[in-house]
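*Asks:* Contents of structure.pdb (PDB, C-alpha atoms) are below:
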ATOM      1  CA  MET A   1     114.163  92.084  86.964  1.00  0.00           C
ATOM      2  CA  ARG A   2     110.890  94.007  86.683  1.00  0.00           C
ATOM      3  CA  PHE A   3     107.657  93.269  88.516  1.00  0.00           C
ATOM      4  CA  ARG A   4     104.179  93.645  87.092  1.00  0.00           C
ATOM      5  CA  ASP A   5     102.840  95.035  90.370  1.00  0.00           C
ATOM      6  CA  ARG A   6     103.306  94.764  94.134  1.00  0.00           C
ATOM      7  CA  ARG A   7     101.263  91.572  94.384  1.00  0.00           C
ATOM      8  CA  GLN A   8     103.473  89.735  91.921  1.00  0.00           C
ATOM      9  CA  ALA A   9     106.547  91.057  93.718  1.00  0.00           C
ATOM     10  CA  GLY A  10     105.125  89.777  96.998  1.00  0.00           C
ATOM     11  CA  ARG A  11     104.561  86.302  95.596  1.00  0.00           C
ATOM     12  CA  GLU A  12     108.113  86.130  94.275  1.00  0.00           C
ATOM     13  CA  LEU A  13     109.464  87.376  97.591  1.00  0.00           C
ATOM     14  CA  ALA A  14     107.376  84.788  99.456  1.00  0.00           C
ATOM     15  CA  ALA A  15     108.864  82.012  97.317  1.00  0.00           C
ATOM     16  CA  ARG A  16     112.395  83.084  98.251  1.00  0.00           C
ATOM     17  CA  LEU A  17     111.494  83.416 101.928  1.00  0.00           C
ATOM     18  CA  ARG A  18     109.800  80.022 101.973  1.00  0.00           C
ATOM     19  CA  GLU A  19     113.198  78.452 101.336  1.00  0.00           C
ATOM     20  CA  ARG A  20     114.472  80.039 104.553  1.00  0.00           C
ATOM     21  CA  GLN A  21     111.315  79.062 106.396  1.00  0.00           C
ATOM     22  CA  ASP A  22     111.652  75.425 105.262  1.00  0.00           C
ATOM     23  CA  ALA A  23     115.240  75.484 106.520  1.00  0.00           C
ATOM     24  CA  GLY A  24     114.020  76.577 109.966  1.00  0.00           C
ATOM     25  CA  ALA A  25     115.402  80.115 109.744  1.00  0.00           C
ATOM     26  CA  LEU A  26     112.059  81.879 110.309  1.00  0.00           C
ATOM     27  CA  PRO A  27     110.461  80.362 113.435  1.00  0.00           C
ATOM     28  CA  ASP A  28     107.549  81.991 115.294  1.00  0.00           C
ATOM     29  CA  LEU A  29     107.136  84.468 112.464  1.00  0.00           C
ATOM     30  CA  LEU A  30     105.430  87.864 112.541  1.00  0.00           C
ATOM     31  CA  VAL A  31     105.208  89.837 109.283  1.00  0.00           C
ATOM     32  CA  LEU A  32     105.101  93.614 109.561  1.00  0.00           C
ATOM     33  CA  ALA A  33     104.410  95.831 106.548  1.00  0.00           C
ATOM     34  CA  LEU A  34     105.543  99.398 105.979  1.00  0.00           C
ATOM     35  CA  PRO A  35     102.454 101.248 104.707  1.00  0.00           C
ATOM     36  CA  ARG A  36     101.320 102.117 102.353  1.00  0.00           C
ATOM     37  CA  GLY A  37     103.021 100.351  99.430  1.00  0.00           C
ATOM     38  CA  GLY A  38     104.595  97.636 101.539  1.00  0.00           C
ATOM     39  CA  VAL A  39     101.195  96.322 102.624  1.00  0.00           C
ATOM     40  CA  ALA A  40     100.353  94.886  99.199  1.00  0.00           C
ATOM     41  CA  VAL A  41     103.715  93.075  99.083  1.00  0.00           C
ATOM     42  CA  ALA A  42     103.564  91.900 102.697  1.00  0.00           C
ATOM     43  CA  ALA A  43     100.048  90.495 102.343  1.00  0.00           C
ATOM     44  CA  GLU A  44     101.288  88.050  99.702  1.00  0.00           C
ATOM     45  CA  VAL A  45     104.318  87.211 101.853  1.00  0.00           C
ATOM     46  CA  ALA A  46     102.225  86.587 104.960  1.00  0.00           C
ATOM     47  CA  GLU A  47      99.788  84.384 103.079  1.00  0.00           C
ATOM     48  CA  GLY A  48     102.579  82.461 101.374  1.00  0.00           C
ATOM     49  CA  LEU A  49     104.339  81.807 104.679  1.00  0.00           C
ATOM     50  CA  GLY A  50     101.197  81.212 106.741  1.00  0.00           C
ATOM     51  CA  ALA A  51     102.145  84.028 109.118  1.00  0.00           C
ATOM     52  CA  PRO A  52     100.176  86.811 110.820  1.00  0.00           C
ATOM     53  CA  LEU A  53     100.393  90.293 109.300  1.00  0.00           C
ATOM     54  CA  ASP A  54     100.323  93.721 110.905  1.00  0.00           C
ATOM     55  CA  VAL A  55     101.613  97.173 110.026  1.00  0.00           C
ATOM     56  CA  LEU A  56     104.401  99.367 111.322  1.00  0.00           C
ATOM     57  CA  VAL A  57     103.739 102.960 110.325  1.00  0.00           C
ATOM     58  CA  VAL A  58     106.764 105.084 109.482  1.00  0.00           C
ATOM     59  CA  ARG A  59     106.700 108.797 108.720  1.00  0.00           C
ATOM     60  CA  LYS A  60     109.343 110.827 106.967  1.00  0.00           C
ATOM     61  CA  VAL A  61     110.585 113.986 108.675  1.00  0.00           C
ATOM     62  CA  GLY A  62     110.977 116.573 105.926  1.00  0.00           C
ATOM     63  CA  ALA A  63     112.998 119.767 105.939  1.00  0.00           C
ATOM     64  CA  PRO A  64     110.865 122.826 106.817  1.00  0.00           C
ATOM     65  CA  GLY A  65     109.614 124.399 103.610  1.00  0.00           C
ATOM     66  CA  HIS A  66     110.868 121.414 101.597  1.00  0.00           C
ATOM     67  CA  GLU A  67     108.838 118.555 103.067  1.00  0.00           C
ATOM     68  CA  GLU A  68     109.649 116.250 100.158  1.00  0.00           C
ATOM     69  CA  TYR A  69     113.317 116.278 101.205  1.00  0.00           C
ATOM     70  CA  GLY A  70     113.587 113.787 104.038  1.00  0.00           C
ATOM     71  CA  VAL A  71     116.111 114.481 106.774  1.00  0.00           C
ATOM     72  CA  GLY A  72     114.846 111.794 109.122  1.00  0.00           C
ATOM     73  CA  ALA A  73     112.087 109.303 109.855  1.00  0.00           C
ATOM     74  CA  MET A  74     110.224 107.834 112.811  1.00  0.00           C
ATOM     75  CA  ALA A  75     108.334 104.628 113.472  1.00  0.00           C
ATOM     76  CA  GLY A  76     105.850 103.631 116.137  1.00  0.00           C
ATOM     77  CA  ASP A  77     106.547 105.463 119.359  1.00  0.00           C
ATOM     78  CA  GLY A  78     110.298 105.521 118.701  1.00  0.00           C
ATOM     79  CA  VAL A  79     112.387 108.681 118.608  1.00  0.00           C
ATOM     80  CA  PRO A  80     113.124 110.098 115.140  1.00  0.00           C
ATOM     81  CA  VAL A  81     116.216 108.818 113.364  1.00  0.00           C
ATOM     82  CA  TYR A  82     117.956 111.724 111.637  1.00  0.00           C
ATOM     83  CA  ASP A  83     120.386 112.038 108.752  1.00  0.00           C
ATOM     84  CA  GLU A  84     122.931 114.135 110.596  1.00  0.00           C
ATOM     85  CA  GLU A  85     124.842 114.932 107.412  1.00  0.00           C
ATOM     86  CA  ALA A  86     121.688 116.286 105.790  1.00  0.00           C
ATOM     87  CA  LEU A  87     120.922 118.388 108.880  1.00  0.00           C
ATOM     88  CA  ARG A  88     124.404 119.906 108.817  1.00  0.00           C
ATOM     89  CA  GLY A  89     124.138 120.617 105.108  1.00  0.00           C
ATOM     90  CA  LEU A  90     120.905 122.525 105.654  1.00  0.00           C
ATOM     91  CA  GLY A  91     122.065 124.252 108.826  1.00  0.00           C
ATOM     92  CA  LEU A  92     119.275 122.633 110.847  1.00  0.00           C
ATOM     93  CA  THR A  93     119.162 121.243 114.369  1.00  0.00           C
ATOM     94  CA  GLN A  94     116.838 118.600 115.725  1.00  0.00           C
ATOM     95  CA  ALA A  95     115.112 121.338 117.736  1.00  0.00           C
ATOM     96  CA  ASP A  96     114.299 123.155 114.483  1.00  0.00           C
ATOM     97  CA  LEU A  97     112.332 120.111 113.386  1.00  0.00           C
ATOM     98  CA  ALA A  98     110.131 119.850 116.488  1.00  0.00           C
ATOM     99  CA  PRO A  99     107.004 121.257 114.741  1.00  0.00           C
ATOM    100  CA  VAL A 100     107.486 118.861 111.808  1.00  0.00           C
ATOM    101  CA  VAL A 101     107.936 115.914 114.174  1.00  0.00           C
ATOM    102  CA  GLU A 102     104.782 116.839 116.080  1.00  0.00           C
ATOM    103  CA  ARG A 103     102.749 117.026 112.868  1.00  0.00           C
ATOM    104  CA  GLU A 104     104.114 113.766 111.482  1.00  0.00           C
ATOM    105  CA  ARG A 105     103.631 111.994 114.818  1.00  0.00           C
ATOM    106  CA  ALA A 106      99.953 112.952 114.744  1.00  0.00           C
ATOM    107  CA  GLU A 107      99.592 111.519 111.224  1.00  0.00           C
ATOM    108  CA  LEU A 108     101.484 108.380 112.261  1.00  0.00           C
ATOM    109  CA  LEU A 109      99.111 107.779 115.158  1.00  0.00           C
ATOM    110  CA  ARG A 110      96.074 108.444 112.935  1.00  0.00           C
ATOM    111  CA  ARG A 111      97.188 105.824 110.453  1.00  0.00           C
ATOM    112  CA  GLU A 112      98.001 103.285 113.162  1.00  0.00           C
ATOM    113  CA  ARG A 113      94.503 103.661 114.641  1.00  0.00           C
ATOM    114  CA  LEU A 114      92.912 103.418 111.197  1.00  0.00           C
ATOM    115  CA  TYR A 115      94.840 100.383 109.979  1.00  0.00           C
ATOM    116  CA  ARG A 116      94.567  98.418 113.216  1.00  0.00           C
ATOM    117  CA  GLN A 117      90.853  99.134 113.683  1.00  0.00           C
ATOM    118  CA  GLY A 118      91.177  99.271 117.472  1.00  0.00           C
ATOM    119  CA  LYS A 119      93.332  96.152 117.775  1.00  0.00           C
ATOM    120  CA  PRO A 120      96.534  96.417 119.861  1.00  0.00           C
ATOM    121  CA  ALA A 121      99.918  96.235 118.189  1.00  0.00           C
ATOM    122  CA  PRO A 122     101.437  92.730 118.246  1.00  0.00           C
ATOM    123  CA  ASP A 123     104.272  92.100 120.678  1.00  0.00           C
ATOM    124  CA  PRO A 124     107.478  91.238 118.764  1.00  0.00           C
ATOM    125  CA  ARG A 125     109.405  90.240 121.892  1.00  0.00           C
ATOM    126  CA  GLY A 126     111.121  86.888 121.397  1.00  0.00           C
ATOM    127  CA  ARG A 127     109.697  86.394 117.882  1.00  0.00           C
ATOM    128  CA  THR A 128     111.165  86.412 114.391  1.00  0.00           C
ATOM    129  CA  VAL A 129     110.004  89.700 112.884  1.00  0.00           C
ATOM    130  CA  LEU A 130     109.956  90.031 109.106  1.00  0.00           C
ATOM    131  CA  LEU A 131     109.736  93.676 108.014  1.00  0.00           C
ATOM    132  CA  VAL A 132     108.504  94.049 104.418  1.00  0.00           C
ATOM    133  CA  ASP A 133     108.402  97.011 102.037  1.00  0.00           C
ATOM    134  CA  ASP A 134     107.940  97.369  98.269  1.00  0.00           C
ATOM    135  CA  GLY A 135     111.543  98.492  97.823  1.00  0.00           C
ATOM    136  CA  LEU A 136     114.563 100.052  99.433  1.00  0.00           C
ATOM    137  CA  ALA A 137     116.178 103.251  98.160  1.00  0.00           C
ATOM    138  CA  THR A 138     118.161 105.224 100.741  1.00  0.00           C
ATOM    139  CA  GLY A 139     116.794 103.151 103.608  1.00  0.00           C
ATOM    140  CA  SER A 140     115.972 106.067 105.913  1.00  0.00           C
ATOM    141  CA  THR A 141     112.417 104.950 106.694  1.00  0.00           C
ATOM    142  CA  ALA A 142     113.380 101.292 107.030  1.00  0.00           C
ATOM    143  CA  ARG A 143     116.219 102.227 109.392  1.00  0.00           C
ATOM    144  CA  ALA A 144     113.780 104.013 111.712  1.00  0.00           C
ATOM    145  CA  ALA A 145     111.471 100.993 111.639  1.00  0.00           C
ATOM    146  CA  LEU A 146     114.282  98.523 112.323  1.00  0.00           C
ATOM    147  CA  ARG A 147     115.580 100.517 115.273  1.00  0.00           C
ATOM    148  CA  ALA A 148     112.093 100.870 116.759  1.00  0.00           C
ATOM    149  CA  LEU A 149     111.637  97.108 116.453  1.00  0.00           C
ATOM    150  CA  ARG A 150     115.080  96.260 117.809  1.00  0.00           C
ATOM    151  CA  ALA A 151     114.252  98.199 120.966  1.00  0.00           C
ATOM    152  CA  ARG A 152     111.351  95.773 121.549  1.00  0.00           C
ATOM    153  CA  ASP A 153     113.618  92.700 121.748  1.00  0.00           C
ATOM    154  CA  PRO A 154     112.675  90.439 118.846  1.00  0.00           C
ATOM    155  CA  ALA A 155     114.577  87.165 118.718  1.00  0.00           C
ATOM    156  CA  ARG A 156     115.473  87.831 115.083  1.00  0.00           C
ATOM    157  CA  LEU A 157     114.928  90.854 112.836  1.00  0.00           C
ATOM    158  CA  VAL A 158     114.747  90.370 109.068  1.00  0.00           C
ATOM    159  CA  LEU A 159     114.163  92.947 106.320  1.00  0.00           C
ATOM    160  CA  ALA A 160     112.773  91.713 102.997  1.00  0.00           C
ATOM    161  CA  VAL A 161     112.111  93.704  99.818  1.00  0.00           C
ATOM    162  CA  PRO A 162     111.659  92.832  96.147  1.00  0.00           C
ATOM    163  CA  VAL A 163     114.254  95.391  95.000  1.00  0.00           C
ATOM    164  CA  ALA A 164     116.920  97.485  96.720  1.00  0.00           C
ATOM    165  CA  SER A 165     119.652  99.892  95.804  1.00  0.00           C
ATOM    166  CA  PRO A 166     123.055  98.347  96.551  1.00  0.00           C
ATOM    167  CA  GLN A 167     123.922 101.375  98.692  1.00  0.00           C
ATOM    168  CA  GLY A 168     120.694 101.165 100.696  1.00  0.00           C
ATOM    169  CA  ALA A 169     121.083  97.433 101.259  1.00  0.00           C
ATOM    170  CA  ALA A 170     124.694  97.834 102.376  1.00  0.00           C
ATOM    171  CA  ALA A 171     123.730 100.611 104.807  1.00  0.00           C
ATOM    172  CA  LEU A 172     120.972  98.554 106.431  1.00  0.00           C
ATOM    173  CA  ARG A 173     122.592  95.133 106.708  1.00  0.00           C
ATOM    174  CA  PRO A 174     124.239  96.089 110.031  1.00  0.00           C
ATOM    175  CA  GLU A 175     120.755  96.972 111.364  1.00  0.00           C
ATOM    176  CA  THR A 176     119.331  93.505 110.636  1.00  0.00           C
ATOM    177  CA  ASP A 177     119.983  89.849 111.342  1.00  0.00           C
ATOM    178  CA  ASP A 178     119.238  89.147 107.682  1.00  0.00           C
ATOM    179  CA  LEU A 179     118.362  91.230 104.635  1.00  0.00           C
ATOM    180  CA  ILE A 180     116.702  89.645 101.621  1.00  0.00           C
ATOM    181  CA  ALA A 181     116.369  91.563  98.349  1.00  0.00           C
ATOM    182  CA  LEU A 182     115.412  89.717  95.184  1.00  0.00           C
ATOM    183  CA  HIS A 183     117.284  92.247  93.081  1.00  0.00           C
ATOM    184  CA  GLU A 184     119.993  94.822  93.823  1.00  0.00           C
ATOM    185  CA  PRO A 185     120.424  96.498  90.417  1.00  0.00           C
ATOM    186  CA  ALA A 186     123.457  98.694  89.966  1.00  0.00           C
ATOM    187  CA  ALA A 187     121.490 101.173  87.834  1.00  0.00           C
ATOM    188  CA  PHE A 188     119.057 102.015  90.620  1.00  0.00           C
ATOM    189  CA  MET A 189     117.347 105.426  90.572  1.00  0.00           C
ATOM    190  CA  ALA A 190     113.984 104.819  92.258  1.00  0.00           C
ATOM    191  CA  VAL A 191     111.883 101.899  93.495  1.00  0.00           C
ATOM    192  CA  GLY A 192     109.087 102.642  91.047  1.00  0.00           C
ATOM    193  CA  GLN A 193     111.281 102.109  87.979  1.00  0.00           C
ATOM    194  CA  TRP A 194     111.255  98.362  88.681  1.00  0.00           C
ATOM    195  CA  TYR A 195     107.431  98.054  88.589  1.00  0.00           C
ATOM    196  CA  ASP A 196     105.097  98.261  85.609  1.00  0.00           C
ATOM    197  CA  GLU A 197     102.313  99.406  87.960  1.00  0.00           C
ATOM    198  CA  PHE A 198     103.374 101.507  90.939  1.00  0.00           C
ATOM    199  CA  GLY A 199     100.464 103.754  91.860  1.00  0.00           C
ATOM    200  CA  GLN A 200     100.302 105.031  95.437  1.00  0.00           C
ATOM    201  CA  LEU A 201      97.907 103.093  97.662  1.00  0.00           C
ATOM    202  CA  THR A 202      95.191 104.972  99.511  1.00  0.00           C
ATOM    203  CA  ASP A 203      94.155 104.315 103.113  1.00  0.00           C
ATOM    204  CA  LYS A 204      91.026 102.621 101.748  1.00  0.00           C
ATOM    205  CA  GLU A 205      93.104 100.288  99.583  1.00  0.00           C
ATOM    206  CA  VAL A 206      95.391  99.421 102.503  1.00  0.00           C
ATOM    207  CA  LEU A 207      92.366  98.529 104.625  1.00  0.00           C
ATOM    208  CA  GLY A 208      90.979  96.453 101.748  1.00  0.00           C
ATOM    209  CA  VAL A 209      94.200  94.449 101.455  1.00  0.00           C
ATOM    210  CA  LEU A 210      94.339  93.790 105.201  1.00  0.00           C
ATOM    211  CA  GLU A 211      90.668  92.808 105.346  1.00  0.00           C
ATOM    212  CA  ALA A 212      90.954  90.480 102.341  1.00  0.00           C
ATOM    213  CA  LEU A 213      93.857  88.652 103.985  1.00  0.00           C
ATOM    214  CA  ARG A 214      91.910  88.248 107.231  1.00  0.00           C
ATOM    215  CA  GLU A 215      88.927  86.846 105.330  1.00  0.00           C
ATOM    216  CA  ARG A 216      91.094  84.324 103.445  1.00  0.00           C
ATOM    217  CA  LYS A 217      92.609  83.098 106.714  1.00  0.00           C
ATOM    218  CA  GLN A 218      89.140  82.663 108.251  1.00  0.00           C
ATOM    219  CA  ALA A 219      87.763  80.790 105.226  1.00  0.00           C
TER
END
Just dump the structure as structure tokens.
*Replies:*
Amino acid sequence: MRFRDRRQAGRELAARLRERQDAGALPDLLVLALPRGGVAVAAEVAEGLGAPLDVLVVRKVGAPGHEEYGVGAMAGDGVPVYDEEALRGLGLTQADLAPVVERERAELLRRERLYRQGKPAPDPRGRTVLLVDDGLATGSTARAALRALRARDPARLVLAVPVASPQGAAALRPETDDLIALHEPAAFMAVGQWYDEFGQLTDKEVLGVLEALRERKQA
């Protein structure tokens, strides 16, 4: 149930998804990766399925003074998706988070410009969109991404990950047309526990992965 690294996980995920593609369940496919870790997985998926790859940047909205504790997330130009229970528990309102949202929105836009290198975002309207990450824990960032994509009218919206917590997968299935997870281990504590190598990717490494995929497709 463990993966050596994100690339191996991506190849295994691509093999599972190819079965659906061969059955006609993934027509007119667009693969979108959640940076940073999801890019390494999604690159293998996109190559294995012969599909174009782009990124959908998501940023966590952290509690003021405790930024590591996520109370929401946002993707693209969509509005933030909040964990209302977490806000109530901390005595926070959405208005209290306005400065955090502004800061994270600026970082989101910076990363989008950097990763796309001036290219426009692909239009998902009427297409099968496959959203890929390296794993699914609570699902807060993926939920924000799925809702931002749903608002842009894809024909079909699919979430695919190598490993997911059962609770996270159950929470996100209503947000998707299909959810594929190679493993849903009951003893799930964190995504990284299911990888031998799980270092954080840098912006430079993300760009390298995207560029390498483009070069292979042009060869």
*Asks:* Find the residues around range 61-67 of chain A up to 7 Å (only C-alpha atoms counted), leave out those fewer than 5 positions away in its own chain, and share them as JSON, numbers by chain.
*Replies:* {"A": [72, 73, 100, 101]}
*Asks:* Report as a ChimeraX atom specification the full result of the PyMOL selection byres ((chain A and resi 55) around 12) when it is applied to this structure.
*Replies:* /A:30-43,46,52-54,56-58,75-76,108,111-117,119-122,129-133,145,149,206-207,209-210
*Asks:* Once the PyMOL selection byres ((chain A and resi 138) around 12) has been applied to the shown file, what residues remain in the selection, as a ChimeraX atom specification?
*Replies:* /A:70-73,83,135-137,139-144,164-172,188-191
*Asks:* What is the CA of Pro174 in chain A to CA of Leu146 in chain A distance in Å?
*Replies:*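 Here the two named atoms are 10.5 Å from each other.
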*Asks:* To one decimal place in Å, what is the distance between CA of Arg147 in chain A and CA of Asp134 in chain A?
*Replies:*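 Atom-to-atom, CA of Arg147 in chain A to CA of Asp134 in chain A, that is 18.9 Å.
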